[in-house]
Structure formats: structure tokens, C-alpha cells
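Trainee: Pasting in a structure now, in C-alpha cells, and then I'll have a few things to ask.
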Amino acid sequence: MSRRTTVAAVTIAAAIGVAVAFNPVAFGPSRISSSRNVRTSPLQVASVAEDRARAAMEAEEAANENVQVGKQADQMLSGGRPFPLSMVVGNDPIKQALLLAAVNHRMGGVVISGGKGTAKSVMARALHQLLPPIEVIKGSPFNIDPAGEFGIDDFLRTDLDNGGIPLEERETEVIRAPFVQVPLNVMEDRLIGSADLEESVKSGKTVFSPGLLAKAHRGVLYVDDINLLDEETANILLNIVTEGKVIVEREGISITYPCRPVIIATFNPDEGELRDHLLDRIAVALSADAEKLDIGSRVEAVDAVLGFSAGTKQGSPEAEKALQEAIENEEDLKTAIVFAREFLRDLKIAPSQIQYLCEEAIRAGCQGHRAEIFACEVARAAAALEGRQVNADDLRLAVKLAIAPRGTFVNTPMDPNDMMPPPPPPPPPPPMDQQDDQSENEEKEEEEQEEQDEPDDQEEQDDQPDVPDVPQEFMFDVDATPMDPDLIDFTSRERSGKGGGRGLIFSQDRGRYIKPMLPKGKVIRLAVDATLRASAPYQKGRRQRAIGTKNEGRGVFIEQSDVRTKKMARKAGSLIIFVVDASGSMALNRMNAAKGAAMSLLTEAYQSRDQICLIPFQGERADVLLPPTRSIAQAKKRLEVMPCGGGSPLADALQTALLTGLNAQKTGDVGKVVVVCISDGRANVPLCVSKGEEFDPDCDEDSKDGKPSRKYLKDEVLACAKQLGVAPGFNLLCIDTENKFISTGIAKEIADAAMGKYHQIAKADGKAIASVTNQALNAIKTHLRVEGKKKERARTASEPTSNVNTHTIKSNQTIAPIMMMMLATTLVFASWALGKSDQQYRIFPQRTSEEAAVIEWGHSAIISALDGAVASFGPQTSQGANFEVETAPVLANPIDGVGRRKKSNDESISEFEREYPGKLKNAADVEGNMVIMTDAAGLSGVTMARIAKESGAAALMVVNTDQNAGDFIYSLEAESEEEAKYAEENIDIPIVMVSLQAGNVITTAMATDDSDPSEINKGACLPDRVRLYAGGDRPFFEDAVSKTPLVYLIHNMLTSDECDALIGMAEGKYDRVDDTTGINNYLENTMASTQANGEPSAVNVDRVTLWKGGIAGKVIKDVDERISQVTGFPPEHFSDFQVNKYVKGSAHLPHFDVNQANGIMATITIFLNDVPDGEGGELIYPNPLDGGKPVMIRPRRGLAVVHHNTDENYVFDKSTVNEELVITGSSTVKYVAKKYVYLNPQPQAMRVVLPLIALPFGGKLPGIFSTLHIALIDKFGVETGVTYFRKIVTMLPVLLLLGIASLVSDAIQKKLKEGKDGKKTESTEKTTKKSKKSKKSD
């Protein structure tokens, strides 16, 4: 059918829609009639308009029949027609929601939940039969609308931009609305599209093959069992629903295409609930289980299914008649959908109606605004399907479909009979004759009243203004109680099923293959598909290069850079540890309840992969009665014997649970650990007794008769609970069995200390405990899943796609496409951010040499160092911050210096004396060493120094325990004149403060995976020796960004003489950087400009690389050795110094430090001179991911700035974009030295041969070598080209020696020849003289 005919059909539909708008009475209610009843048309229109519209539709269908069914055709055609939607018995709300979604694509779709065999899939497939055909641009694999209504793909956009045929002039075709089903095991490349392997190999360039989402555009996208999809596939679908487009960034491909299908998702709640954030993005979510069918309806449903046949002939004449009626009904609905879509374009919803929906959403307790937004779209779709304006019935339907399922605090409504007050007693009956008279009078009055009312009603109807129709009453009460009983059916889905999700463990050895990734180390499981796709675009060139070699006949050429490994995921279960109080009179009841809960949870353990463990505690210690297991038989056997009675060692039980959980996590099959503590919280056995030691009464000030006090036992239990709470993956659920009327509240404090949950169940049984545990476990899983996705997004934001191939350099005129795309995207953001005039920064450096200190340990190049701040009192003040102490670190006991000791109550002494708690308990261990203390007790700096001094410490390190500022430190000061005087007279030891992060680093410096957490807390993993010294003129640290990107400053990295020496070495050797040629000089780390407009990145910058390497002089060697010792980077990985000179107008625009030939792990930027503030030249990091402002670092002589270009897995970090601002001072000159830390050690060719070649030129390498390096990479690719270059350079000394030897040999031979010729001439002359003499004598 021609495009003109299709446009005519749409025009007719629009005209009818307008007519409907002004004549709403002509249209009846819209419903799907059952095939067993008399068929009623959903729309009743004027005969002339209807005939014209039907004629257009028939022409369109006739054209559709002639469309050849290709690869994109509906796959259901091969299996016959699906079961008609009108023949589905019951589930009227779902069928109505499906029709509305087909009308209004802005609803996103419909989610249907329900048990097995509830016709979920049947209704989804049946909707496809109701969708009208669609008109597309002929040959478009993305089903693009000829009018471009839903957007166009990048291929078409590029064609139009290049002068291609306009959209309105392109040839079109009419096809069936597509129906695409997403399989559960679908891979990302099949879903969104990827490189076509065959075509890419043939053409030698990347060819894109569209995926399932491209085929689903403007049709139906059906996702069965959506709750079982993996996380990444679900996230892709989430983006489709939200954005309506697909963005593909993989394998050198960057493309965007539209995707706006009707999404129909189904799932069975018994197999796991659907994630809330995905459910919230789709307008309607209904349950097929909400409406229970009676026996008659079930018989009717079975009869309809038995009589239906997908082929041409039905099972009986009755079934044939029912099918024909259903087909006619489908045709009517198809027409109605066409009209409704056109009518929807101009249909508006009134502000008062929007206000009503918003108030209903508030009353229902809906979070966010999606409930009322989707409700508006549902109401518009319902009105459009009826061909009229939005009325009260549409609003009520919208509340049921979009708002009720999203209500968070829906309560079951009370029985109306209970809510009504009792009726008053009836009055006594009148006499019989009075009753007859009264009846006659009442009848007359009613007739007169009706006659009077009729004209009034008619007048009111005629005079009624045209105002939006809004329901007179709300469907929800103010406390979120549904006033309409029908709402309960729509809210039941949210209240049933199993919440939570299952954790995943990612690895490269076992599990389900979810995506390819770049290998990190040894390849365990090769991803053959991704490896072949990565190598496909380069097969043509590799075959040409292989001609004449031994690999000429090879079918496929795979290089190391093509290799991809499989990222595997397997489900991780949870471990539920029951810690049960088996002491006292209630022990047997608690143990029976715990046993019942354990057996109840074990019945579900197989599906959820959860394990159960039971630890009763009684007597003097806790024992693992039931080790972690999923075996019901083993559990029954172990739980037969249950020890009871005796003491209550609760602290030991919590520690035992912690160790058990840690050991289970190490197996790799347990992700989360939930400790369920069933106790009243009262302990009477100290931890030391449980470990086989005797209790020391001196440790407890309130001890009586040699027994621990209640406060001591409580503090010990709370300390163990805190330790359990901070363990990764651990959660505590405390079930308090104490009577609440005599409760001490200790169990609640234990739950708070462990940051866990608390429940009070005085008479706990197995069923109640199992229910509470299940709820808590599901809530924990949901929370952890959300947090995990946040981390995954942050990780993905800093991780490049796994399909980026390193062989992306095609010529020396272009940078790799994928790198260009990545750079341009980030740099546009960075340029925008930096261009803001009111941009605020974190300005560095902030530390001075007078207030800085360094704590250092280790040896050789493996040195760890922490940033510290010296106190404003003590020897560092009088000695000008010039001190150095080398000793052993010791943790203070108590760690905060106070512990349980109380402050003095003597008012006659000063506050400074009252808060002093005395010496440390481990003063004998502290003496002569550096003591580590926290400021958690709130003591003043001088008081902590006094504790350390009087305990015999040689130095004090205070850890700032501010949880909200883990990297913050400050200089401790005296808080009163009395403290200042005491410090001046008595404090003669160095005092420094470090951050909380630094404190964790030093306390775990020697820890391993097998280290016991309790031993770490006792200081067993501290370094053996540390060196504490003041900043002064020595290198010291300052953190700038402690997350991504990792940026830190090193003060005094170079001395003034060393800075001047580097400036002198570079003088007269500079070349102006020209990065606009598109050539990447990988040899000297000068990359092509990444500016989108072709402008340079390095503006007016002069640069030279000083090739010194292994033959460097003393200055360079000293500097390299110092950088290696301070940073810990091995010198074999260093590049040579690159010196840059900036003058007025010079700048380096936002860029990355990347080098495909030599991966750059870190960049060390050293300022060689000071630049006055306000004259530019600052180093900027605009995109830190720590939540803070952008970082600005001002140039200071000798200051080094280190930033890591990769994460801990050596994956490129896109947040490392940096910029050097323009120099504004007229006479200002800035010198910067850069040293790059490569991922791999540099070979001898780079460290010895090239410096030897550059030696005669003052360290500057001749340009011929850079040209050769670029040419080899351009010819053979990065890896092969670099290898060839290094071999050539390595051979140069041999060739040079051979050449010198040849010259020397030639010179010697020439000399020898000249000697022989001389002797011969002399002999000839002598003979001649003799001959002359003989002649004279004659």
C-alpha cells in the first residue's frame, strides 16, 4: 500500500477522534466481551466515518498480507494463531491494562504476576494480535517511523546529515507490529546488538548487527520470568523503559537507536519477587491471582482451551463459532486502538483532575512522583479508548491500576458493618387506620416530588457548565486505608510473595557466563565469542601481513590483545546463625523455638542456597551445635541433643558466631551472614573465662568478691557486638525474649551497637522466629543489593568496556575511535565544568613544613608512609619541627586512654587535673616506644600527651576517629593557659595526629587473609619498627583525593638545586608541541589532541624529553631513587623526565595521560618553580568521585603531584582527566617536570640504548627515532610495531660496533699497505742511487 493511503487512514482516524470529542454520548463503554456472550462493539461511530476508516484499514491489511515474512517477522506465525484475548476467562483488569498500554506507549507497559497456569503468557501473546500494522522506512532494521515520531537511529541521522534522501521522500512499507521475546539466557550483545563477525571479517571494518531491542521498536517486547533475568539484562531493560533508546558502546561501535515497545513482563512470585526499582518504572503491575475464579468460570475456561486449536479447524462447531466471534471482536479492538492513538495526541487532563490523583497518591503513601504521573497516562489512555474527555471513571481506574499497587502503607479496610453505629430502636407502631392514611399521604407526596424534580433535573442538565469531572470522594483514607473494597485486589500483589534478592559471587572460574572482560592475569575461561568479535575487524590486515610467513594458511589470526575472558557469576546464599541463650529456666523453650525456626528455614534453603547454623551458649562457653549446613537430616540428628542450664557466656557466643561466619565466607559460597541472637541480653560469664583464663578483678573497678560487675559484662558484650557489626557482610538480628515489663533494654543496646535489627518476642516460638528472620533476611538482601548496584555503577563509571581492542590505530592520522569517543565525552564535561566562572575548588597545598610529619616503615623501595600533623605544643615547637624517632609502635590500653575509668569529682582541682585518668594499663609495653591512641574519649591534646609521657612513651600518635571525615587531620593545641604551661614544662616527646584511614593502614600493615580480627585489634599486625620525623625540608605527604582518582601531594620531592638542574638540562632543547596533526608520539608521551574542533590540547607548550635512563648523572639518579623510596614505585618502571615550559597564554586543556604502547599506571608531576597566585598555571582535577569539589593545585617549587591512571585492577580510570590552566602573568614562566610510571618495566633498549644515542645531543633524542616508532606502529599495530622497534634499537649497538670495527679494520689495513708501499719506494730509491753512482764511476 502506498504511503498516501496510509496517511489517509490516519487522517480519517484523527477526524473521527475530533468528532468523538464533541459527541461523547455516541460512544459506549470499552470492554472485551466474552465469546460466550453476545458480542458488543467497543466503539459505535457514525456509519459514514466508520465505513471510510474501515476501508482504509482493509487496504492497509491487504498490503500487509503481501509483505514477505523475513527474519524480523513474528516468530509466532510458525505455530498458528495465539489464543484470543477475549476468550480468556476472568482477569478483566489485566486485559483492560493491556489495551491501555497498546494505546499509550508512555505507560511503558504492564507487569503481570501470578502463579503457574494463570494465563499470563497467553494474554501477553494475545495482545499482539490486536496491534495494528506499522509503517516503516523500507529496509530499516530499527522500524523507524517515516515521520520520525519516535526518533531515528545514528546511521539514518548520519545519512541525512550527509545530504541523503529526506525522510518524507523515502520509500516506505507496512509491516506487522513486531513481537519479540527476551530469553532468560540472552547475552548483552544479542539484546542490544554487536559487531557482525562475518561481515566485519569480509569488509575489514566493524559492521553493526542490530539486536532484539532494535526489532522490538514500536511492537511488543515480551519478557517472561523477568524476575529471573540477570542483573545486567534487567538494568538494560530499565534504561529502555526510562529513556526510550538504546546506546551501544562496544567493540569500537558507538550508536544510538530508538526503542519504544509495549513491554509486557510476567513472573511467578513463588520463584522470587521482582526488584522494586524495575517494577516502579512500568505503569501498571497487576496480579493474575487477585481474582479467584468460581467453579463455573473454571469450567468455562477449561472448555474454551479444550475446544481451541491453533490451526485452521476447531474442535467443535461451538468452538468454531466462538473463535469467529473472538476474531471479529479483535478486529473491532484493532480499529479502536488506531482511533484511540490518534485521539490521544490532543487529549489533555485538567489541573483539578491531576490534583485529585496527587492527593490519592499522598493518601496511599506512594514514594516519588511516578504513581501520579503514570496515573495521568492511564486516565488519558482510558478516555482515548472511549473517545471522550477524561472523567471520574477514568480517574478511579487510574488509582486502581497505577496508585494502589505503589502504596506503601495500605491497611485492610474495616468491615462496614463494624464501622456503622447500631440503629436506634424502632418507635411503637401507630393504629391500623392511621397507618393506611399515612401510606396514602406518603405516596401522593412522592409522586408530586418526582414531578417537581424532573424539570429541575432537565434544567440543571441543560445549564451545567463544561467543567472537568472529578470523583466526589477519595478512594484512600488519610491513613492510607482503602475506602473502596476493590482496591484490595490491586494492592494484594505488593503484600505477598517473597521479598529480597539473591546475592551473586563473581569470579573467572565457575558460575554462569554473564559477560566478557579483559583478562587480569592468567586466562582461566576463554570467552571465544568475544575474542573472535574483538579480532574480526583486523583479520584482513593480518592475513596480508602473514603472506610469505609460516602462518599464511591460518584461518583466524588471534593476538594477545584480542583475548577476552569470561566473567562468571554464581548465586551466593546466606548463612543464618542462631545464637541461642541455653541458660536459665527458659533455656528449653528458647532451644525448642530455635530448633523449630531452623527446621522451618531449612525447608527453603535449597532454593535460596541459605545455610543454617546453631550456636547455643550455656555454662562457661558457646559451642557450635549445628555447623553451617543445608542438610535437613544432619540438622535433625545434631539437634536431638540440646545442652541447657548454667551460665550465660553471651560475649563468647557473639565471637564464635563471628569466626564461624568468617570461615563460611572464605568458602566462596556464602555472601551474607545473618546472626540471629535469641536472648534477653544478660551475660554473667566474662570472655576471659570462656577462653580458659581467670578473671582479673583489677580490670573492673566495680568488681565485688572477685566477680565481674554487670557493667563490665555489659560493656564486654557491646564491644563484641560492635566488632560483629563492622565485619563485612555481617548483620545482627536480636530477638529479645525478656518480658517487656521487667526489661532492662540490654538486647536493644546490643542490636544498636551492631547496627542491626531488634524485635521483642516474649513468647517466641519457632514459627514466629522463622517469620521474623525471613523478613529481616529479605530486607538485608534488598538493602545490600541496592548498595551493591551503587558500587557497580561507580566501578563501571571508572572501568572501560571489556571489548575495547588495543589494535585500534589504523593510521598515524587518527586516534583510536573508542578512545576518541571516551576522551571527547569526558572532556566536554570537564570543559563545561571548568568554564563556569563561579566554580569552587578544593585548593592545595594546605600543609606547611612546620606542621607536617611523616610516619614511615618498610625497607628498600617497599616503603609505606602516612601523613601526619604535628601538635602546636611540645618539642616540635621549640626545635622548629626538627625531630626524628625510630621505635616500635604500641596500641594504648585502653585505646582511648580512658576506658572505663571515671573522671574525678573533686571540684577543688582544675578541669585539666580532673579529666586526667592516669597512666595506661600497658605502660610497661609503651615505655620507650611510640604509643597509638584515639581521640574517641574527647580528651584534650595535652591530656593525651600527658598520659603518653607519664606512661614512658617516646612519641604519641593520635588517630582522629571522626567517621564522617576519614582522611581529616588537624594540629592539636593547648585548650587553656594551664595546659599550655604544663606542656611547655613537661611535654618533651613528639605528638602527631593521623587520620582514621591512616590509623587503619598502620594497624593492619602486617595483616594477611588468615589474620584473626581479635588479634588485629590487639595490635598484632602493627609494623615492627616505624620512623617518625617532622616535615621540615624532607618529603612529606598531603592527601588531595583519597578515592577515585587517587591524587596525593609530596612536598619537598626535589630540592631547589635539583629543580634548577633540570631546568638547565632542558634549556635550549625545547620543541613547540603540535598535537593537531593526529599523530601519537607514544615514544615520548605526546598524544594527539582530543579537542572535538581540531584545536590543540597543549596550547603554546614547549617540551623536551631528557633521555638519561641508565647512564644518568648523579642528580637524576638521586631524584629517581628518592621518588622510588617515597612513592614505592620501582625505578625500572619509570620513564625519563619530560620537561614542559609554559609562558603567557600557555595551557594544557583537559586530557588523559594514556599511552597504548606503554600503559601508564601513574603520573608524577613536579613543579620546578613557584608561580605567584593569580597568574594561572594551576593543575586541575575536575571530576573527583569522592563527592567533593574539583581539586586545584597551585605550583610550588619541589612539590610533586601523583595521580593514578588505573584502579587497583590496572583498569583505566576515566576520572583522571586533568588540566593545567592558562598562564596569565605577562612575565610568568612555569617549568614542570613529568615522570610516567609504566605498567611494565622498561627494557634495556629504552633505558640504555636510546640514552646512549641521545648522549651526544645533550639528552635529546633525534626525531628520526620517533618517526620510526610511529611508522612501525602504523604498519604492524601497537604490540608488533613496538616489538620491532625495540629489536631494531637493541641491534643498533651491535651494528655500531660492527661499523666501528669495520672502520678500524680499514684504517689498519690502509696503514699496513702504506707501510709496505713506503718500504718498497725506499728500496727502489736506494737501488736507483747505487745505479747512478756506478754510472759515474764508470
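By convention here, the chains of the C-alpha cells are called A, B, ... in the order presented, each chain's residues are numbered starting at 1, and ligands are numbered starting at 1 in the order presented.
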From a DSSP pass on the backbone, collect the residues of range 96-221 of chain A flagged as helix (DSSP H, G or I) and hand them back as a ChimeraX atom specification.
Mentor: /A:96-103,105-107,120-130,154-161,167-169,188-192,197-203,212-216
Trainee: Report, in Å to a single decimal, how far apart CA of Ile236 in chain A and CA of Thr266 in chain A are.
Mentor: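 Separation of CA of Thr266 in chain A and CA of Ile236 in chain A: 17.0 Å.
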Trainee: Neighbours of Phe267 in chain A within 9 Å (only C-alpha atoms; same-chain residues fewer than 6 positions away dropped), as a list in words?
Mentor: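 Residues near the query, excluding close chain neighbours: Val111, Ile112, Ser113, Gly114, Gly115, Lys120, Val223, Asp224, Asp225, Ile226, Asn227, Leu228, Glu273 and Leu274 of chain A.
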Trainee: Using CA of Leu100 in chain A and CA of Ala381 in chain A as the two end points, give the distance in Å to one decimal.
Mentor: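 One can read the CA of Leu100 in chain A to CA of Ala381 in chain A distance as 5.4 Å.
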Trainee: Extract, using only C-alpha atoms, all DNA, RNA and protein residues at most 10 Å from Cys376 in chain A, discarding same-chain residues fewer than 4 positions from it, and format them as an MDAnalysis selection string.
Mentor: chainID A and resid 107 348:350 353:354 357:358 370:372 380:382 390 394:395 398:399 402
Trainee: Could you turn the residues from that selection into a file that holds C-alpha atoms, as a PDB file, in the first residue's frame?
Mentor:
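Saved file selection18.pdb follows:
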```pdb
ATOM      1  CA  MET A 107       2.797   3.912  30.105  1.00  0.00           C
ATOM      2  CA  LYS A 348      -5.447  16.823  27.908  1.00  0.00           C
ATOM      3  CA  ILE A 349      -6.096  16.160  31.573  1.00  0.00           C
ATOM      4  CA  ALA A 350      -7.402  19.044  33.665  1.00  0.00           C
ATOM      5  CA  GLN A 353      -8.001  16.017  37.891  1.00  0.00           C
ATOM      6  CA  ILE A 354      -4.225  15.988  38.322  1.00  0.00           C
ATOM      7  CA  LEU A 357      -4.629  11.934  41.547  1.00  0.00           C
ATOM      8  CA  CYS A 358      -1.814  13.595  43.509  1.00  0.00           C
ATOM      9  CA  ARG A 370       5.799   8.108  39.284  1.00  0.00           C
ATOM     10  CA  ALA A 371       2.479   6.955  40.776  1.00  0.00           C
ATOM     11  CA  GLU A 372       0.605  10.139  39.845  1.00  0.00           C
ATOM     12  CA  ARG A 380      -5.709   9.606  29.287  1.00  0.00           C
ATOM     13  CA  ALA A 381      -5.459   6.180  27.661  1.00  0.00           C
ATOM     14  CA  ALA A 382      -8.784   5.054  29.135  1.00  0.00           C
ATOM     15  CA  VAL A 390     -11.198  12.306  30.953  1.00  0.00           C
ATOM     16  CA  ASP A 394     -11.037   7.160  34.272  1.00  0.00           C
ATOM     17  CA  LEU A 395      -9.546   8.680  37.408  1.00  0.00           C
ATOM     18  CA  ALA A 398      -6.059   5.161  37.224  1.00  0.00           C
ATOM     19  CA  VAL A 399      -5.991   4.986  41.022  1.00  0.00           C
ATOM     20  CA  ALA A 402      -1.190   2.927  38.972  1.00  0.00           C
TER      21      ALA A 402
END
```
Trainee: Of the residues A:Arg847, A:Arg260, A:Lys1117, A:Lys1141, which is the one nearest to Asp1071 in chain A, using only C-alpha atoms?
Mentor: A:Lys1141
Trainee: For the atom pair CA of Leu344 in chain A and CA of Glu328 in chain A, what is the interatomic distance in Å to one decimal place?
Mentor: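 Atom-to-atom, CA of Leu344 in chain A to CA of Glu328 in chain A, that is 24.2 Å.
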Trainee: With distances taken over only C-alpha atoms, which residue among A:Lys202, A:Arg901, A:Lys1018, A:Arg1194 lies nearest Gly541 in chain A?
Mentor: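 Of A:Lys202, A:Arg901, A:Lys1018, A:Arg1194, the one nearest Gly541 in chain A, counting only C-alpha atoms, is A:Lys202.
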Trainee: For Tyr538 in chain A, please output as a list of chain:residue names all residues within 9 Å (counting only C-alpha atoms; exclusion window: fewer than 3 positions along the same chain).
Mentor: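 That gives A:Ser200, A:Val201, A:Gly204, A:Lys205, A:Ala534, A:Ser535, A:Gly541, A:Arg542, A:Arg543, A:Phe557, A:His807.
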